[in-house]
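Engineer: TSV, C-alpha atoms, file start.tsv:
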chain	number	residue	atom	x	y	z
D	1	MET	CA	5.54	18.09	-22.85
D	2	ALA	CA	6.85	16.22	-19.81
D	3	MET	CA	8.14	18.24	-16.90
D	4	THR	CA	11.09	15.81	-16.57
D	5	ILE	CA	12.28	14.35	-13.32
D	6	LYS	CA	13.60	16.67	-10.60
D	7	ASN	CA	15.23	16.17	-7.24
D	8	VAL	CA	13.31	16.96	-4.04
D	9	PRO	CA	14.93	16.56	-0.60
D	10	TYR	CA	12.87	14.10	1.45
D	11	TYR	CA	13.18	14.08	5.24
D	12	ALA	CA	12.02	11.39	7.62
D	13	PHE	CA	10.98	12.45	11.12
D	14	ALA	CA	10.61	10.44	14.31
D	15	GLY	CA	6.88	11.10	14.79
D	16	ASN	CA	6.88	14.90	14.48
D	17	ALA	CA	6.80	15.42	10.70
D	18	ARG	CA	3.68	17.61	10.73
D	19	GLU	CA	5.13	19.90	13.40
D	20	ALA	CA	8.44	20.16	11.52
D	21	MET	CA	6.80	20.92	8.17
D	22	GLU	CA	4.54	23.57	9.72
D	23	PHE	CA	7.68	25.12	11.22
D	24	TYR	CA	9.43	25.16	7.82
D	25	GLN	CA	6.31	26.59	6.20
D	26	SER	CA	6.31	29.43	8.76
D	27	ILE	CA	9.88	30.27	7.74
D	28	PHE	CA	9.91	29.64	3.97
D	29	GLY	CA	6.24	30.17	3.08
D	30	GLY	CA	4.47	28.08	0.50
D	31	GLU	CA	1.65	25.55	0.59
D	32	LEU	CA	1.78	22.46	2.75
D	33	ASN	CA	-0.11	19.34	1.65
D	34	VAL	CA	-0.19	16.30	3.92
D	35	MET	CA	-1.56	12.75	3.91
D	36	THR	CA	-1.64	10.64	7.07
D	37	PHE	CA	-1.13	6.90	7.14
D	38	GLY	CA	-4.76	6.66	8.30
D	39	GLN	CA	-5.95	8.44	5.15
D	40	MET	CA	-4.30	5.78	3.01
D	41	GLY	CA	-7.00	3.31	4.07
D	42	ASP	CA	-4.84	0.33	5.05
D	43	PRO	CA	-6.99	-1.75	7.46
D	44	SER	CA	-3.93	-3.55	8.85
D	45	LEU	CA	-2.41	-0.27	10.04
D	46	PRO	CA	-1.69	-0.09	13.79
D	47	ALA	CA	-3.91	2.57	15.43
D	48	ASP	CA	-0.90	4.51	16.76
D	49	MET	CA	0.25	5.16	13.16
D	50	ALA	CA	-3.02	6.64	11.87
D	51	GLU	CA	-2.16	10.31	12.50
D	52	LEU	CA	1.50	10.07	11.48
D	53	LEU	CA	2.37	11.57	8.11
D	54	ALA	CA	2.73	9.13	5.26
D	55	HIS	CA	3.63	12.12	3.11
D	56	GLY	CA	4.03	15.87	3.44
D	57	HIS	CA	4.97	18.26	0.65
D	58	LEU	CA	5.89	21.95	0.92
D	59	THR	CA	5.81	23.85	-2.39
D	60	GLY	CA	5.56	27.35	-3.75
D	61	GLY	CA	7.77	29.08	-1.19
D	62	THR	CA	11.50	29.60	-1.01
D	63	ILE	CA	12.18	25.84	-0.96
D	64	GLU	CA	10.50	22.61	-2.00
D	65	LEU	CA	10.67	19.89	0.61
D	66	ALA	CA	8.91	16.58	1.22
D	67	CYS	CA	8.74	14.29	4.24
D	68	SER	CA	7.12	11.46	6.15
D	69	ASP	CA	7.21	10.08	9.64
D	70	TYR	CA	9.79	7.31	9.90
D	71	VAL	CA	8.23	4.01	10.91
D	72	GLU	CA	10.72	1.28	11.72
D	73	GLY	CA	10.09	-1.83	9.65
D	74	PHE	CA	7.92	0.00	7.08
D	75	MET	CA	9.37	-0.75	3.62
D	76	GLY	CA	12.25	-2.52	5.37
D	77	GLN	CA	13.42	0.57	7.23
D	78	ASP	CA	16.06	0.18	9.91
D	79	PRO	CA	15.66	1.89	13.29
D	80	TYR	CA	15.59	5.69	13.01
D	81	GLU	CA	18.93	7.35	13.59
D	82	ILE	CA	20.63	10.49	12.41
D	83	GLY	CA	22.01	9.66	8.98
D	84	ASN	CA	19.12	7.62	7.64
D	85	HIS	CA	16.57	10.42	7.77
D	86	LEU	CA	17.27	12.14	4.45
D	87	SER	CA	16.95	10.84	0.92
D	88	LEU	CA	17.10	12.57	-2.42
D	89	SER	CA	13.82	11.71	-4.05
D	90	LEU	CA	13.10	11.99	-7.76
D	91	TRP	CA	9.75	13.48	-8.82
D	92	GLY	CA	8.18	14.20	-12.15
D	93	ASP	CA	5.46	13.33	-14.60
D	94	ASP	CA	7.26	11.07	-17.08
D	95	VAL	CA	6.67	7.43	-16.08
D	96	GLU	CA	9.20	5.97	-18.53
D	97	GLU	CA	11.94	8.35	-17.41
D	98	GLY	CA	11.15	7.52	-13.78
D	99	ARG	CA	11.20	3.79	-14.55
D	100	SER	CA	14.56	4.16	-16.30
D	101	TYR	CA	16.12	5.82	-13.23
D	102	PHE	CA	14.53	3.20	-10.97
D	103	GLU	CA	15.92	0.30	-13.00
D	104	LYS	CA	19.40	1.79	-13.22
D	105	LEU	CA	19.54	2.61	-9.49
D	106	SER	CA	18.31	-0.93	-8.72
D	107	GLU	CA	21.30	-2.58	-10.44
D	108	GLY	CA	23.33	-4.16	-7.65
D	109	GLY	CA	21.02	-2.61	-5.08
D	110	GLN	CA	17.79	-3.57	-3.34
D	111	VAL	CA	14.21	-2.85	-4.39
D	112	ASN	CA	12.29	-1.90	-1.25
D	113	MET	CA	9.02	-1.17	-3.07
D	114	PRO	CA	8.47	-1.95	-6.77
D	115	PHE	CA	7.95	0.95	-9.19
D	116	GLU	CA	4.23	0.63	-9.83
D	117	LYS	CA	0.88	2.42	-9.59
D	118	GLN	CA	-0.02	3.17	-5.95
D	119	MET	CA	-3.30	3.66	-4.10
D	120	TRP	CA	-2.84	7.45	-4.10
D	121	GLY	CA	-2.77	7.40	-7.91
D	122	ASP	CA	0.91	8.04	-8.64
D	123	THR	CA	3.54	5.58	-9.83
D	124	TYR	CA	6.07	5.12	-7.04
D	125	GLY	CA	9.00	2.93	-6.14
D	126	HIS	CA	11.71	2.90	-3.51
D	127	VAL	CA	15.19	1.49	-4.07
D	128	THR	CA	18.43	1.40	-2.13
D	129	ASP	CA	21.35	1.61	-4.54
D	130	LYS	CA	24.50	-0.51	-4.36
D	131	PHE	CA	26.13	2.19	-2.22
D	132	GLY	CA	23.37	2.05	0.41
D	133	MET	CA	21.65	5.30	-0.64
D	134	ALA	CA	17.86	5.44	-0.64
D	135	TRP	CA	16.02	6.69	-3.75
D	136	PRO	CA	12.23	7.18	-3.59
D	137	ILE	CA	10.89	7.86	-7.09
D	138	ASN	CA	7.39	9.32	-7.58
D	139	VAL	CA	5.71	10.08	-10.91
D	140	SER	CA	2.47	12.09	-10.80
D	141	ALA	CA	-0.76	10.54	-12.02
Is it possible to express this structure as C-alpha coordinates?
Structural biologist:
Amino acid sequence: MAMTIKNVPYYAFAGNAREAMEFYQSIFGGELNVMTFGQMGDPSLPADMAELLAHGHLTGGTIELACSDYVEGFMGQDPYEIGNHLSLSLWGDDVEEGRSYFEKLSEGGQVNMPFEKQMWGDTYGHVTDKFGMAWPINVSA
(Lines of atoms letter the chains of each structure in order from A and count residues from 1; the text may use other names and numbers.)
(Lines give C-alpha, C1' and ligand atoms only; values in the text may rest on other atoms or scores of the structure.)
Protein backbone atom coordinates (compact mmCIF):
# COMPACT_ATOMS: atom_id res chain seq x y z
CA MET A 1 0.00 0.00 0.00
CA ALA A 2 1.36 3.42 -0.93
CA MET A 3 2.22 5.82 1.85
CA THR A 4 0.59 8.66 -0.15
CA ILE A 5 2.13 12.05 -0.65
CA LYS A 6 2.80 14.26 2.38
CA ASN A 7 3.99 17.80 2.87
CA VAL A 8 7.49 18.47 4.25
CA PRO A 9 8.74 22.03 4.87
CA TYR A 10 11.90 22.59 2.81
CA TYR A 11 14.29 25.40 3.75
CA ALA A 12 17.05 26.87 1.64
CA PHE A 13 20.09 28.28 3.44
CA ALA A 14 22.76 30.68 2.25
CA GLY A 15 25.70 28.28 2.67
CA ASN A 16 25.07 27.15 6.26
CA ALA A 17 22.47 24.40 5.82
CA ARG A 18 24.49 21.73 7.66
CA GLU A 19 25.04 24.01 10.66
CA ALA A 20 21.34 24.95 10.74
CA MET A 21 20.13 21.36 10.50
CA GLU A 22 22.53 20.22 13.24
CA PHE A 23 21.14 23.04 15.38
CA TYR A 24 17.54 21.92 14.74
CA GLN A 25 18.52 18.32 15.44
CA SER A 26 19.96 19.38 18.82
CA ILE A 27 16.61 20.95 19.69
CA PHE A 28 14.06 18.56 18.16
CA GLY A 29 16.03 15.28 18.12
CA GLY A 30 15.74 12.80 15.31
CA GLU A 31 18.10 11.52 12.64
CA LEU A 32 19.84 13.83 10.20
CA ASN A 33 20.78 12.51 6.75
CA VAL A 34 22.72 14.73 4.37
CA MET A 35 24.09 14.63 0.81
CA THR A 36 26.55 17.23 -0.45
CA PHE A 37 26.64 18.53 -3.99
CA GLY A 38 30.07 16.87 -4.27
CA GLN A 39 28.56 13.47 -3.43
CA MET A 40 26.19 13.79 -6.38
CA GLY A 41 29.12 13.24 -8.75
CA ASP A 42 28.58 16.11 -11.18
CA PRO A 43 32.01 16.77 -12.79
CA SER A 44 30.96 20.26 -13.91
CA LEU A 45 30.33 21.34 -10.32
CA PRO A 46 32.38 24.35 -9.15
CA ALA A 47 34.81 23.31 -6.37
CA ASP A 48 33.36 25.82 -3.90
CA MET A 49 29.99 24.00 -4.07
CA ALA A 50 31.28 20.51 -3.25
CA GLU A 51 30.70 20.67 0.52
CA LEU A 52 27.40 22.54 0.37
CA LEU A 53 24.29 20.49 1.07
CA ALA A 54 22.34 19.38 -1.96
CA HIS A 55 19.89 17.82 0.48
CA GLY A 56 19.42 17.42 4.21
CA HIS A 57 16.56 15.60 5.92
CA LEU A 58 15.69 15.53 9.63
CA THR A 59 13.26 12.77 10.63
CA GLY A 60 12.11 10.83 13.66
CA GLY A 61 12.11 13.69 16.15
CA THR A 62 9.50 16.26 17.03
CA ILE A 63 9.45 17.66 13.48
CA GLU A 64 10.30 16.58 9.95
CA LEU A 65 12.27 19.12 7.99
CA ALA A 66 14.31 19.11 4.79
CA CYS A 67 16.76 21.60 3.31
CA SER A 68 19.54 22.46 0.90
CA ASP A 69 22.03 25.24 0.44
CA TYR A 70 20.66 27.86 -1.93
CA VAL A 71 22.83 28.26 -5.01
CA GLU A 72 21.90 31.19 -7.22
CA GLY A 73 21.26 30.08 -10.79
CA PHE A 74 20.86 26.39 -9.85
CA MET A 75 17.51 25.21 -11.30
CA GLY A 76 16.85 28.82 -12.31
CA GLN A 77 16.95 30.16 -8.77
CA ASP A 78 16.94 33.90 -8.24
CA PRO A 79 19.37 35.53 -5.80
CA TYR A 80 18.82 34.38 -2.20
CA GLU A 81 16.64 36.68 -0.16
CA ILE A 82 14.26 36.30 2.73
CA GLY A 83 11.01 35.12 1.21
CA ASN A 84 12.38 32.69 -1.35
CA HIS A 85 14.00 30.35 1.15
CA LEU A 86 11.02 28.15 2.05
CA SER A 87 8.96 25.83 -0.10
CA LEU A 88 6.37 23.24 0.76
CA SER A 89 7.69 20.07 -0.77
CA LEU A 90 5.63 16.98 -1.48
CA TRP A 91 7.14 13.58 -0.60
CA GLY A 92 5.89 10.05 -0.88
CA ASP A 93 6.26 6.71 -2.56
CA ASP A 94 3.50 6.81 -5.19
CA VAL A 95 5.01 7.95 -8.51
CA GLU A 96 1.67 8.37 -10.29
CA GLU A 97 0.21 10.46 -7.47
CA GLY A 98 3.36 12.59 -7.46
CA ARG A 99 3.21 12.99 -11.24
CA SER A 100 -0.45 14.03 -11.01
CA TYR A 101 0.36 16.81 -8.51
CA PHE A 102 3.35 17.88 -10.62
CA GLU A 103 1.27 18.15 -13.79
CA LYS A 104 -1.54 20.04 -12.10
CA LEU A 105 0.83 22.49 -10.38
CA SER A 106 2.63 23.01 -13.71
CA GLU A 107 -0.52 24.30 -15.46
CA GLY A 108 0.12 27.98 -16.11
CA GLY A 109 3.38 27.77 -14.19
CA GLN A 110 7.00 26.95 -14.98
CA VAL A 111 8.77 23.59 -14.87
CA ASN A 112 12.20 24.18 -13.34
CA MET A 113 13.21 20.51 -13.38
CA PRO A 114 11.15 17.79 -15.10
CA PHE A 115 9.54 15.09 -12.95
CA GLU A 116 11.80 12.15 -13.75
CA LYS A 117 14.17 9.57 -12.27
CA GLN A 118 17.24 11.26 -10.73
CA MET A 119 20.82 10.13 -10.09
CA TRP A 120 20.07 9.55 -6.39
CA GLY A 121 17.40 7.01 -7.37
CA ASP A 122 14.19 8.90 -6.60
CA THR A 123 11.76 10.49 -9.04
CA TYR A 124 11.91 14.25 -8.56
CA GLY A 125 10.67 17.41 -10.19
CA HIS A 126 10.54 21.09 -9.33
CA VAL A 127 7.81 23.45 -10.51
CA THR A 128 6.83 27.03 -9.82
CA ASP A 129 3.05 27.35 -9.96
CA LYS A 130 1.15 30.16 -11.67
CA PHE A 131 1.15 32.10 -8.39
CA GLY A 132 4.96 32.03 -8.13
CA MET A 133 5.12 29.34 -5.40
CA ALA A 134 7.82 26.68 -5.61
CA TRP A 135 6.86 23.00 -5.34
CA PRO A 136 9.65 20.38 -5.17
CA ILE A 137 8.11 16.89 -5.49
CA ASN A 138 10.14 13.80 -4.53
CA VAL A 139 8.97 10.18 -4.76
CA SER A 140 11.15 7.54 -3.09
CA ALA A 141 12.79 4.84 -5.18
Engineer: Considering only C-alpha atoms, state which residue in the set D:Asp94, D:Glu116, D:Asp69, D:Glu51 is at the smallest distance from Phe13 of chain D.
Structural biologist: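 The closest residue to Phe13 of chain D is D:Asp69.
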Engineer: In Å, how far is it from atom CA of Lys130 of chain D to atom CA of Leu53 of chain D?
Structural biologist: 28.1 Å
Engineer: Around (19.4, 14.3, 1.3), as given in the file, which residues come within 12 Å? Count all atoms listed in the file and list them as a PyMOL selection string.
Structural biologist: chain D and resi 7-12+65-67+82-90+133-136
Engineer: Quick one: everything within 12 Å of Phe102 of chain D, counting all atoms listed in the file, minus sequence neighbours fewer than 5 positions away in the same chain. Send it as a ChimeraX atom specification.
Structural biologist: /D:5,89-91,95-97,107-116,123-129,134-139
Engineer: Between atom CA of Asp93 of chain D and atom CA of Ala141 of chain D, what is the distance in Å, rounded to a tenth?
Structural biologist: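 Atom-to-atom, atom CA of Asp93 of chain D to atom CA of Ala141 of chain D, that is 7.3 Å.
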Engineer: Can you tell me, as a PyMOL selection string, what residues are no more than 10 Å from Thr62 of chain D when counting all atoms listed in the file, ignoring any on the same chain fewer than 5 positions away?
Structural biologist: chain D and resi 25+27-30
Engineer: Go through D:Tyr70, D:Met35, D:Ser140, D:Ile63 and flag the residue nearest Gly98 of chain D, using all atoms listed in the file for the distances.
Structural biologist: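 Residue with the minimum atom-to-atom distance to Gly98 of chain D: D:Ser140.
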Engineer: With all atoms listed in the file as the basis for distance, which of D:Ser26, D:Gly92, D:Gln118, D:Phe131 is at the shortest distance from Ser106 of chain D?
Structural biologist: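 Using all atoms listed in the file, Ser106 of chain D sits closest to D:Phe131.
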Engineer: Go ahead and compute the interatomic distance for atom CA of Phe37 of chain D and atom CA of Met49 of chain D, in Å to one decimal.
Structural biologist: 6.4 Å
